[in-house]
Each structure stands twice: as structure tokens, then as C-alpha cells.
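One file, work-v2.cif, carrying mmCIF, C-alpha atoms and all ligand atoms:
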```cif
data_run
loop_
_atom_site.label_atom_id
_atom_site.label_comp_id
_atom_site.auth_asym_id
_atom_site.auth_seq_id
_atom_site.Cartn_x
_atom_site.Cartn_y
_atom_site.Cartn_z
CA MET A 10 8.39 33.22 -26.05
CA PRO A 11 6.82 34.82 -22.94
CA ARG A 12 7.09 32.48 -19.96
CA ARG A 13 3.34 32.02 -19.47
CA ARG A 14 2.81 31.12 -23.10
CA PHE A 15 5.71 28.70 -22.92
CA LEU A 16 4.14 27.01 -19.89
CA ALA A 17 0.81 26.69 -21.63
CA SER A 18 2.47 25.22 -24.66
CA ALA A 19 4.68 22.83 -22.70
CA ALA A 20 2.16 20.44 -21.22
CA THR A 21 -1.23 22.06 -21.52
CA ALA A 22 -2.86 24.42 -23.95
CA LEU A 23 -6.15 26.23 -24.30
CA VAL A 24 -7.97 24.93 -27.36
CA GLY A 25 -11.46 26.26 -28.04
CA GLY A 26 -11.94 27.19 -24.39
CA ARG A 27 -10.83 23.78 -23.15
CA LEU A 28 -7.64 23.06 -21.27
CA VAL A 29 -5.93 20.29 -23.19
CA ASN A 30 -3.21 18.12 -21.78
CA ARG A 31 -0.78 17.60 -24.61
CA ALA A 32 1.02 14.74 -22.93
CA LEU A 33 -2.19 12.76 -22.61
CA GLY A 34 -3.79 14.20 -25.73
CA ALA A 35 -7.07 14.55 -23.86
CA PRO A 36 -9.17 17.55 -22.95
CA LEU A 37 -9.40 18.27 -19.24
CA LEU A 38 -12.30 20.30 -17.90
CA PRO A 39 -14.09 23.10 -19.79
CA MET A 40 -13.06 26.51 -18.53
CA ALA A 41 -16.62 27.10 -17.28
CA GLU A 42 -16.08 24.30 -14.81
CA LEU A 43 -12.65 25.59 -13.96
CA ASN A 44 -14.40 28.74 -12.77
CA ALA A 45 -17.09 26.94 -10.78
CA GLY A 46 -16.53 29.12 -7.70
CA ALA A 47 -17.11 28.45 -4.00
CA PRO A 48 -17.52 26.13 -2.34
CA LEU A 49 -14.89 24.18 -4.21
CA ILE A 50 -12.98 21.22 -2.79
CA VAL A 51 -10.00 19.55 -4.46
CA SER A 52 -8.15 16.56 -3.10
CA THR A 53 -5.59 14.01 -4.19
CA TRP A 54 -6.52 10.62 -5.68
CA PRO A 55 -9.93 9.02 -6.35
CA PHE A 56 -10.25 8.20 -2.64
CA GLY A 57 -10.49 11.95 -2.11
CA LYS A 58 -13.91 12.06 -3.79
CA PRO A 59 -15.97 10.69 -0.86
CA ALA A 60 -13.86 12.84 1.45
CA ASN A 61 -14.67 15.92 -0.66
CA GLU A 62 -18.34 15.03 -0.68
CA LYS A 63 -18.37 14.72 3.10
CA ALA A 64 -16.60 18.08 3.36
CA LEU A 65 -19.20 19.69 1.09
CA SER A 66 -22.04 18.21 3.14
CA VAL A 67 -20.47 19.65 6.31
CA LEU A 68 -20.37 23.10 4.68
CA GLU A 69 -23.95 22.73 3.46
CA ALA A 70 -25.04 21.85 7.00
CA GLY A 71 -23.52 25.10 8.25
CA GLY A 72 -20.13 23.77 9.40
CA THR A 73 -17.00 25.88 9.20
CA GLY A 74 -14.26 25.39 6.62
CA LEU A 75 -12.08 23.73 9.26
CA ASP A 76 -14.93 21.39 10.25
CA ALA A 77 -15.30 20.46 6.59
CA ILE A 78 -11.61 19.74 6.08
CA GLU A 79 -11.37 17.75 9.31
CA GLN A 80 -14.49 15.64 8.77
CA GLY A 81 -13.72 15.16 5.08
CA ILE A 82 -10.27 13.79 5.87
CA HIS A 83 -11.80 11.59 8.59
CA VAL A 84 -13.47 9.63 5.77
CA THR A 85 -10.08 8.63 4.35
CA GLU A 86 -8.44 8.13 7.74
CA SER A 87 -11.29 5.82 8.77
CA ASP A 88 -10.92 3.54 5.75
CA LEU A 89 -8.74 0.75 7.10
CA SER A 90 -8.43 -0.72 3.60
CA ASN A 91 -6.42 2.36 2.57
CA PRO A 92 -2.73 1.38 2.85
CA SER A 93 -1.40 4.95 2.85
CA VAL A 94 -3.64 7.03 5.11
CA GLY A 95 -4.74 6.39 8.70
CA LEU A 96 -4.24 3.32 10.86
CA GLY A 97 -4.81 0.96 7.93
CA GLY A 98 -1.54 2.27 6.50
CA ILE A 99 1.64 0.33 5.85
CA PRO A 100 3.71 0.39 9.07
CA ASN A 101 7.31 1.48 9.48
CA ALA A 102 10.25 -0.94 9.55
CA ASP A 103 9.44 -1.77 13.20
CA GLY A 104 5.88 -2.76 12.27
CA ILE A 105 4.21 0.35 13.75
CA VAL A 106 2.09 2.80 11.75
CA GLN A 107 3.36 6.35 12.25
CA LEU A 108 1.00 9.03 11.00
CA ASP A 109 1.70 12.57 9.77
CA SER A 110 -0.90 15.30 9.29
CA CYS A 111 -1.43 19.03 9.13
CA ILE A 112 -4.23 21.56 8.77
CA MET A 113 -4.23 25.22 7.73
CA SER A 114 -6.73 28.02 8.01
CA GLY A 115 -6.44 30.87 5.54
CA PRO A 116 -8.18 33.27 7.95
CA GLY A 117 -5.55 34.15 10.55
CA HIS A 118 -2.91 32.17 8.62
CA ARG A 119 -3.06 29.50 11.31
CA ALA A 120 -1.54 26.03 11.13
CA GLY A 121 -1.31 22.86 13.20
CA SER A 122 0.67 19.73 12.56
CA VAL A 123 1.60 16.36 14.03
CA ALA A 124 4.21 13.86 12.90
CA ALA A 125 5.20 10.28 13.74
CA VAL A 126 2.06 9.69 15.82
CA SER A 127 1.02 6.10 16.59
CA GLY A 128 -2.19 4.60 17.90
CA PHE A 129 -4.66 7.42 17.18
CA ARG A 130 -7.33 7.24 14.50
CA HIS A 131 -7.51 10.85 13.39
CA PRO A 132 -4.23 12.73 13.19
CA ILE A 133 -6.00 15.55 11.32
CA SER A 134 -8.02 16.23 14.49
CA ILE A 135 -4.91 16.22 16.64
CA ALA A 136 -3.29 18.66 14.20
CA ARG A 137 -6.34 20.91 14.48
CA ALA A 138 -6.14 20.77 18.27
CA VAL A 139 -2.44 21.71 18.16
CA MET A 140 -3.48 24.75 16.11
CA GLU A 141 -6.43 25.71 18.28
CA LYS A 142 -5.35 24.72 21.79
CA THR A 143 -1.60 25.42 21.89
CA ILE A 144 0.73 28.27 21.05
CA HIS A 145 2.72 25.86 18.84
CA VAL A 146 2.42 24.67 15.26
CA MET A 147 3.90 21.17 15.33
CA LEU A 148 4.12 18.29 17.82
CA VAL A 149 5.89 15.03 17.06
CA GLY A 150 6.17 11.46 18.34
CA GLU A 151 5.70 10.81 22.03
CA GLY A 152 4.88 14.44 22.79
CA ALA A 153 2.12 14.47 20.17
CA GLU A 154 0.75 11.18 21.55
CA LYS A 155 0.71 12.53 25.13
CA PHE A 156 -1.10 15.61 23.86
CA ALA A 157 -3.62 13.47 21.98
CA ALA A 158 -4.22 11.28 25.04
CA ALA A 159 -4.66 14.32 27.29
CA HIS A 160 -7.29 15.68 24.89
CA GLY A 161 -9.15 12.37 24.68
CA PHE A 162 -8.64 11.62 20.99
CA GLU A 163 -9.90 8.29 19.73
CA ARG A 164 -7.32 5.54 19.91
CA GLY A 165 -6.79 2.65 17.53
CA PRO A 166 -4.37 -0.20 16.88
CA LYS A 167 -0.70 0.57 16.20
CA VAL A 168 -1.10 -1.56 13.07
CA THR A 169 -3.99 -3.57 11.59
CA ASP A 170 -3.83 -7.37 11.57
CA GLY A 171 -3.57 -7.39 7.75
CA GLN A 172 -0.72 -4.90 7.64
CA ARG A 173 1.05 -6.73 10.47
CA ALA A 174 0.95 -9.96 8.47
CA ALA A 175 2.26 -8.13 5.37
CA TRP A 176 5.00 -6.50 7.47
CA LYS A 177 6.10 -9.94 8.76
CA ARG A 178 6.38 -11.15 5.14
CA TRP A 179 8.32 -8.01 4.23
CA LYS A 180 10.65 -8.50 7.20
CA ALA A 181 11.27 -12.14 6.32
CA ALA A 182 12.03 -11.25 2.69
CA LYS A 183 14.29 -8.41 3.76
CA ALA A 184 16.24 -10.69 6.09
CA LYS A 185 17.03 -12.89 3.12
CA GLU A 186 18.50 -10.07 1.11
CA ALA A 187 22.24 -9.83 1.23
CA ALA A 188 22.33 -6.18 0.25
CA ALA A 189 20.20 -4.92 3.13
CA ALA A 190 21.77 -1.47 3.13
CA ALA A 191 21.07 -0.93 -0.55
CA ASP A 192 17.57 -2.29 -0.09
CA SER A 193 16.73 0.33 2.52
CA LYS A 194 17.07 2.97 -0.19
CA LYS A 195 14.57 1.31 -2.49
CA ARG A 196 11.08 2.70 -2.73
CA PRO A 197 8.27 0.17 -2.41
CA ALA A 198 5.74 0.78 -5.18
CA LYS A 199 2.41 2.56 -4.68
CA ASN A 200 2.68 3.50 -1.05
CA HIS A 201 2.74 7.28 -0.97
CA ASP A 202 -0.87 8.08 -1.57
CA THR A 203 -1.46 10.88 0.91
CA ILE A 204 -4.75 12.71 1.07
CA ALA A 205 -4.19 16.43 0.63
CA MET A 206 -7.40 18.49 0.52
CA VAL A 207 -7.75 22.18 -0.33
CA MET A 208 -10.95 24.15 -0.16
CA LEU A 209 -12.38 27.48 -1.23
CA GLY A 210 -15.16 28.04 1.25
CA ARG A 211 -18.10 30.36 1.18
CA GLY A 212 -17.01 33.96 1.51
CA GLY A 213 -13.78 33.20 -0.31
CA ASP A 214 -11.86 31.86 2.66
CA ILE A 215 -9.39 29.06 1.98
CA PHE A 216 -8.53 25.99 4.07
CA GLY A 217 -6.50 22.83 3.68
CA GLY A 218 -5.51 19.59 5.33
CA CYS A 219 -3.22 16.65 4.74
CA SER A 220 -2.94 13.15 6.25
CA THR A 221 -0.77 10.13 5.55
CA SER A 222 0.91 7.06 7.00
CA GLY A 223 3.88 7.95 4.82
CA TRP A 224 6.46 5.77 3.14
CA GLY A 225 5.72 2.09 3.74
CA TYR A 226 8.34 0.32 5.90
CA LYS A 227 10.10 3.65 6.43
CA VAL A 228 12.91 4.10 8.93
CA PRO A 229 11.15 4.64 12.30
CA GLY A 230 10.89 8.36 12.96
CA ARG A 231 10.96 9.29 9.28
CA VAL A 232 8.69 12.25 8.57
CA GLY A 233 7.65 13.17 5.04
CA ASP A 234 6.27 16.31 3.46
CA SER A 235 2.66 15.91 4.60
CA PRO A 236 2.89 17.56 8.04
CA ILE A 237 5.36 20.21 6.84
CA ILE A 238 3.71 23.58 6.29
CA GLY A 239 4.79 24.73 2.82
CA GLY A 240 5.89 21.19 1.91
CA GLY A 241 2.85 18.93 1.69
CA LEU A 242 0.34 21.76 2.18
CA TYR A 243 0.15 25.52 2.01
CA VAL A 244 -2.72 27.99 2.27
CA ASP A 245 -2.59 31.71 1.63
CA ASN A 246 -5.96 33.34 2.04
CA GLU A 247 -5.09 36.12 -0.43
CA VAL A 248 -4.06 33.73 -3.20
CA GLY A 249 -5.02 30.06 -2.93
CA ALA A 250 -3.86 26.70 -1.64
CA ALA A 251 -1.82 23.73 -2.78
CA GLY A 252 -1.15 20.21 -1.55
CA ALA A 253 1.13 17.36 -2.53
CA THR A 254 1.25 13.60 -2.77
CA GLY A 255 4.07 11.29 -3.74
CA ILE A 256 7.59 10.88 -2.41
CA GLY A 257 7.77 13.44 0.36
CA GLU A 258 11.54 13.72 0.24
CA ASN A 259 11.22 15.11 -3.28
CA VAL A 260 8.61 17.68 -2.23
CA MET A 261 9.91 18.92 1.12
CA ARG A 262 13.39 19.74 -0.19
CA TYR A 263 11.76 22.33 -2.45
CA CYS A 264 8.92 23.71 -0.25
CA GLY A 265 6.75 22.41 -3.09
CA SER A 266 3.27 23.52 -2.00
CA PHE A 267 4.56 26.96 -0.99
CA LEU A 268 6.10 27.32 -4.43
CA VAL A 269 2.83 26.43 -6.16
CA VAL A 270 1.02 29.13 -4.16
CA GLU A 271 3.73 31.70 -4.84
CA LEU A 272 3.51 31.00 -8.57
CA MET A 273 -0.26 31.55 -8.39
CA ARG A 274 0.46 34.84 -6.63
CA GLN A 275 2.55 35.81 -9.66
CA GLY A 276 -0.49 35.24 -11.86
CA LEU A 277 -0.27 31.64 -12.98
CA HIS A 278 -3.39 29.53 -13.25
CA PRO A 279 -3.37 26.78 -10.55
CA GLN A 280 -2.65 24.13 -13.17
CA GLU A 281 0.19 26.17 -14.64
CA ALA A 282 1.57 26.71 -11.13
CA CYS A 283 1.61 22.94 -10.49
CA ILE A 284 3.31 22.34 -13.83
CA GLU A 285 5.90 25.06 -13.29
CA THR A 286 6.65 23.82 -9.76
CA ILE A 287 7.39 20.32 -11.05
CA ARG A 288 9.45 21.78 -13.85
CA ARG A 289 11.47 23.91 -11.38
CA ILE A 290 12.07 20.92 -9.10
CA ALA A 291 13.02 18.65 -12.00
CA LYS A 292 15.42 21.25 -13.30
CA LEU A 293 17.26 21.41 -9.97
CA ASP A 294 17.05 17.78 -8.98
CA PRO A 295 19.65 15.21 -10.06
CA LYS A 296 16.76 12.79 -10.61
CA GLY A 297 15.19 15.06 -13.23
CA PHE A 298 11.52 14.09 -13.62
CA ASP A 299 11.98 10.71 -11.94
CA LEU A 300 10.54 12.12 -8.73
CA SER A 301 7.05 10.62 -8.17
CA ILE A 302 5.55 13.92 -7.06
CA ASN A 303 2.11 15.38 -7.67
CA PHE A 304 0.41 18.65 -6.77
CA ILE A 305 -3.16 19.94 -6.55
CA ALA A 306 -4.08 23.61 -6.31
CA LEU A 307 -6.96 26.06 -6.30
CA ASP A 308 -7.06 29.83 -6.27
CA LYS A 309 -9.17 32.57 -4.80
CA ARG A 310 -11.09 32.88 -8.09
CA GLY A 311 -12.33 29.30 -7.91
CA ARG A 312 -9.96 27.90 -10.52
CA PHE A 313 -8.17 24.63 -9.88
CA GLY A 314 -5.64 22.30 -11.43
CA ALA A 315 -3.04 19.63 -10.79
CA ALA A 316 0.04 18.07 -12.30
CA GLY A 317 2.28 15.11 -11.61
CA THR A 318 5.45 13.54 -12.88
CA GLY A 319 5.34 10.63 -15.33
CA THR A 320 1.79 9.88 -16.40
CA GLY A 321 0.34 12.23 -13.80
CA PHE A 322 -2.26 11.14 -11.27
CA GLU A 323 -5.97 11.20 -10.60
CA TYR A 324 -7.44 13.78 -8.26
CA SER A 325 -10.94 14.63 -7.08
CA VAL A 326 -12.89 17.84 -7.54
CA THR A 327 -16.20 18.62 -5.84
CA CYS A 328 -18.42 21.70 -5.93
CA GLY A 329 -22.14 22.41 -5.95
CA ALA A 330 -22.41 21.47 -9.63
CA PHE A 331 -20.40 18.26 -9.80
CA SER A 332 -18.11 15.82 -8.04
CA LYS A 333 -15.64 13.95 -10.19
CA VAL A 334 -12.27 12.29 -10.53
CA VAL A 335 -9.97 14.08 -12.98
CA GLN A 336 -6.73 12.97 -14.65
CA SER A 337 -3.90 15.47 -14.18
CA PRO A 338 -1.32 16.29 -16.82
CA GLY A 339 1.85 14.26 -16.52
CA LEU A 340 5.30 15.74 -17.03
CA THR A 341 8.33 14.02 -18.40
CA SER A 342 11.53 15.41 -19.86
CA ALA A 343 10.02 14.84 -23.30
CA ASP A 344 7.28 17.39 -22.57
CA ILE A 345 9.63 20.05 -21.31
CA GLY A 346 12.79 19.66 -23.35
CA PRO A 347 16.42 19.57 -22.20
CA LEU A 348 17.06 20.33 -18.54
CA GLY A 349 19.80 22.32 -16.90
CA GLY A 350 20.39 22.68 -13.17
CA ASN A 351 22.20 19.95 -11.25
CA ARG A 352 20.98 17.09 -13.37
CA LYS A 353 23.74 14.70 -14.34
N1 LIG B 401 3.82 12.27 0.66
C1 LIG B 401 3.78 11.43 1.78
C2 LIG B 401 5.07 11.01 2.27
O1 LIG B 401 6.05 10.97 1.53
O2 LIG B 401 5.16 10.67 3.43
#
```
Spell out the structure here as C-alpha cells.
Amino acid sequence: MPRRRFLASAATALVGGRLVNRALGAPLLPMAELNAGAPLIVSTWPFGKPANEKALSVLEAGGTGLDAIEQGIHVTESDLSNPSVGLGGIPNADGIVQLDSCIMSGPGHRAGSVAAVSGFRHPISIARAVMEKTIHVMLVGEGAEKFAAAHGFERGPKVTDGQRAAWKRWKAAKAKEAAAAADSKKRPAKNHDTIAMVMLGRGGDIFGGCSTSGWGYKVPGRVGDSPIIGGGLYVDNEVGAAGATGIGENVMRYCGSFLVVELMRQGLHPQEACIETIRRIAKLDPKGFDLSINFIALDKRGRFGAAGTGTGFEYSVTCGAFSKVVQSPGLTSADIGPLGGNRK
């Protein structure tokens, strides 16, 4: 069977003009909506919807694509009840929130990124400043904080009172565990909910941004996929853009967002590209589909899609005609069949 037809039959299929997710047995969006055109904004998780809507309003008020990405992501970064983005995030093992973020501009193929930054409210803005005010792409830790201070970026607490109290409980529980070394390899549930946002702006230019507090109670200094260009985000102005959420270690080892964009370049629909990327990673990875990774994507034609492992995930899509939360297809070994690669 030709590869593209196999992909369509594996987890999604076109039935009567509708993209149907076989794993969930539910129709996704009609193809007319899939071709809604610019401006089109796609982001991870339901909390991306107000961020998308802010981004759209910035565009409608005459702002640039970068303004829209930055101010859209500010909405999520400012929500201190969000435990996985911004200064409300779960801290690292030392009780300090370390933030990762990046931004990309399709025009000029420019990128800026910061990692392991503490005490600043909007890492996406610092990432933009790295892109626009330095000759570099990425600043980390103390250097990024000095840069942010020198440029007058808004400061905030190194951890919120609520997260500090939760961290103290976590630390006390951890101290009681005999197998501390083994424990450090466990993944706390529901703490990887990065915002990745990709946008097709007016005129067909493409932009993206990503922001997260990363893995809750991570080893201090740990950096995930979100600030890694090609890992948690990638934009190619000729093709499209992709972003990721989930366990960064399982994305960055495969240049996941770059791979999604390259598969779109080869002609795959954004949703097919997300599906095929997960399938490629699962085929190589000893964990198979037990990866907790999710991708969003859009292309130059105004088509979009997403896919995740397991039951998939919810993502947000906003354009002039609608703004909604959409369920992605979910991939398991049952959907794809037997795997090869390194899987044991
Ligand atoms: N995807 C976010 C992280 O793993 O840090």
C-alpha cells in the first residue's frame, strides 16, 4: 500500500470529506475548516484557546506575527494557576521555577531562546529579545537572567506560595522514600503541559513560540524540548510550523518538531505529519508508544492537525471563523501494528 494511504488508514481516514480518527471513532473537523486559511493560530491544550484569541486580536489590531505570538503566550505565562507554564509552574527539586521558551520567525528564519531562567514573568519576551537584540540564538541560566535584567524585563517570584507549599510536601515525601535514586527517574503525572503556538499570519508568513516551566521537580538545570529549535518548535516559512508538548526528553532526542515540518515538506497533511512523526519515534524508541508526546502543526496552505500518544490530547485552533478546542488522534501500538526498530 502506498505510504500516504497507509498513514491515512492507520489512525485517520477521510470519510465523506471529514477527517475521521479511527482510534477515537469520532469525526474531527470538516475539510472546509481544515482549509480555513490565514490568519490561523494553533496551540497546545485548552489553555491555548484564550492565548490564541489574544494573538488573533493583536493581528486584527495591526500587530505583527511576532507581537501576536508573544502577547498570546503572555496570557498563559501570566496565569499563575497554570502549573506548567510561567511562574505559577511546578518548581525544580530545589524549589525554584526554571522556565524555558523560544520563538521563531518564518521571515528571515530567525530564532531566539532561553532556558533555565528564574524570576522573570515572560520568558517568551526574553527569547524574542535574544533573537532581536543579540547575534545569538540561545541564552541559559544566569547569563539569560543577567540579559533579562539588563533589558528591564518584568520580574516575579522564583516560586509562588502555593507551589512552594506543594514542593515542601513533595520534599518531605521524597525524604521518606528509601529508593530515592529510583524515585528520581519517575515522572510525576500531568506536569508537562507546555504551550506551543504556531501561526499562519496574513500574507502567508509563519511564526511560532513555546513556553514552559518544564518537568515538575526536575533536576536543577534540566532543560527540555521547549527552548530547543527543532525540538519543541520549528518554523519553515516555505512549508509550515510544528510544536510539541509532553515529555521533552522523548521529543528532543528525535528533533520532533523539525521532523513534522520535514514530513509536511514531503507532501503530508499536517495531521499525517504529526502521526508519522510519532510513529517514527515509537518505532525507534525502546519505550514504543509509551512516550507521552504530542504535536501540533499547520502548513502554508492553512491546513492544520495534531496527534499524540495514548488517547491523544486537546489542542486549540483559532481563525477568523471560529475558535475551538479539538481532540487530536491518539496513537498506540494497536493502531499501528507491530513495531521494529530498537524496541525490546
Ligand atoms: N515539553 C516540556 C518539557 O518537557 O519540559
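If you count all atoms listed in the file and draw a sphere of 12 Å around (0.4, 34.6, -4.3), the protein and nucleic acid residues inside it come out as Tyr243, Val244, Asp245, Asn246, Glu247, Val248, Gly249, Ala250, Ala251, Ser266, Phe267, Leu268, Val269, Val270, Glu271, Leu272, Met273, Arg274, Gln275, Gly276, Leu277, His278, Pro279, Ala282, Leu307, Asp308 and Lys309 of chain A.
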Selection near Thr53 of chain A, 9 Å with all atoms listed in the file, sequence-local residues under 2 positions removed, as a VMD selection string: chain A and resid 51 55 to 58 202 to 206 252 to 254 303 to 305 322 to 326
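Checking A:Gly321, A:Pro92, A:Gly223, A:Gly329 one by one against ligand LIG 401 (chain B), counting only C-alpha atoms and all ligand atoms, you find the shortest gap at A:Gly223.
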Padded axis-aligned box of ligand LIG 401 (chain B) (8 Å per side), centre and edge lengths, Å, one decimal, as JSON:
```
{"center_x": 4.9, "center_y": 11.5, "center_z": 2.0, "size_x": 18.3, "size_y": 17.6, "size_z": 18.8}
```
Per residue of chain A within 8 Å of ligand LIG 401 (chain B), record the nearest atom pair and its distance in Å to one decimal, counting all atoms listed in the file, with rows in chain order and ascending residue number, as a Markdown table.
```
| residue | atom | partner | partner_atom | distance |
| --- | --- | --- | --- | --- |
| A:Asp109 | CA | B:LIG401 | O2 | 7.5 |
| A:His201 | CA | B:LIG401 | C1 | 5.1 |
| A:Asp202 | CA | B:LIG401 | C1 | 6.6 |
| A:Thr203 | CA | B:LIG401 | C1 | 5.3 |
| A:Thr221 | CA | B:LIG401 | C1 | 6.1 |
| A:Ser222 | CA | B:LIG401 | O2 | 6.6 |
| A:Gly223 | CA | B:LIG401 | O2 | 3.3 |
| A:Trp224 | CA | B:LIG401 | O2 | 5.1 |
| A:Val232 | CA | B:LIG401 | O2 | 6.4 |
| A:Gly233 | CA | B:LIG401 | O2 | 3.9 |
| A:Asp234 | CA | B:LIG401 | N1 | 5.5 |
| A:Ser235 | CA | B:LIG401 | C1 | 5.4 |
| A:Gly241 | CA | B:LIG401 | N1 | 6.8 |
| A:Ala253 | CA | B:LIG401 | N1 | 6.6 |
| A:Thr254 | CA | B:LIG401 | N1 | 4.5 |
| A:Gly255 | CA | B:LIG401 | N1 | 4.5 |
| A:Ile256 | CA | B:LIG401 | O1 | 4.2 |
| A:Gly257 | CA | B:LIG401 | O1 | 3.2 |
| A:Glu258 | CA | B:LIG401 | O1 | 6.3 |
| A:Val260 | CA | B:LIG401 | N1 | 7.8 |
```
Contacts of Val207 of chain A within 6 Å, only C-alpha atoms, excl. fewer than 6 positions in-chain, as an NGL selection string: :A and (50-51 or 216-217)
Atom pair atom CA of Gly210 of chain A / atom CA of Leu49 of chain A: separation (Å): 6.7 Å
Do you know which residues are at most 8 Å from Gly128 of chain A counting all atoms listed in the file, after dropping those on the same chain fewer than 4 positions away, and could you put them as a JSON list (two decimals) with C-alpha atoms, in the frame of the given file?
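File produced: around39.json:
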```json
[["chain", "number", "residue", "atom", "x", "y", "z"],
["A", 96, "LEU", "CA", -4.24, 3.32, 10.86],
["A", 106, "VAL", "CA", 2.09, 2.80, 11.75],
["A", 164, "ARG", "CA", -7.32, 5.54, 19.91],
["A", 165, "GLY", "CA", -6.79, 2.65, 17.53],
["A", 166, "PRO", "CA", -4.37, -0.20, 16.88],
["A", 167, "LYS", "CA", -0.70, 0.57, 16.20],
["A", 168, "VAL", "CA", -1.10, -1.56, 13.07]]
```
Residue among A:Val335, A:Ile284, A:Leu300, A:Val228 lying closest to Arg262 of chain A, counting all atoms listed in the file: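 Comparing A:Val335, A:Ile284, A:Leu300, A:Val228 against Arg262 of chain A, the winner is A:Leu300.
With all atoms listed in the file as the atoms that count, the minimum distance from Glu163 of chain A to the choices A:Met113, A:Glu186, A:Ser87, A:Lys227 is reached by A:Ser87.
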Nearest to Asp170 of chain A by atom-to-atom distance, counting all atoms listed in the file, from A:Ser114, A:Gly104, A:Thr143, A:Ala157: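 Distance minimum relative to Asp170 of chain A lands on A:Gly104.
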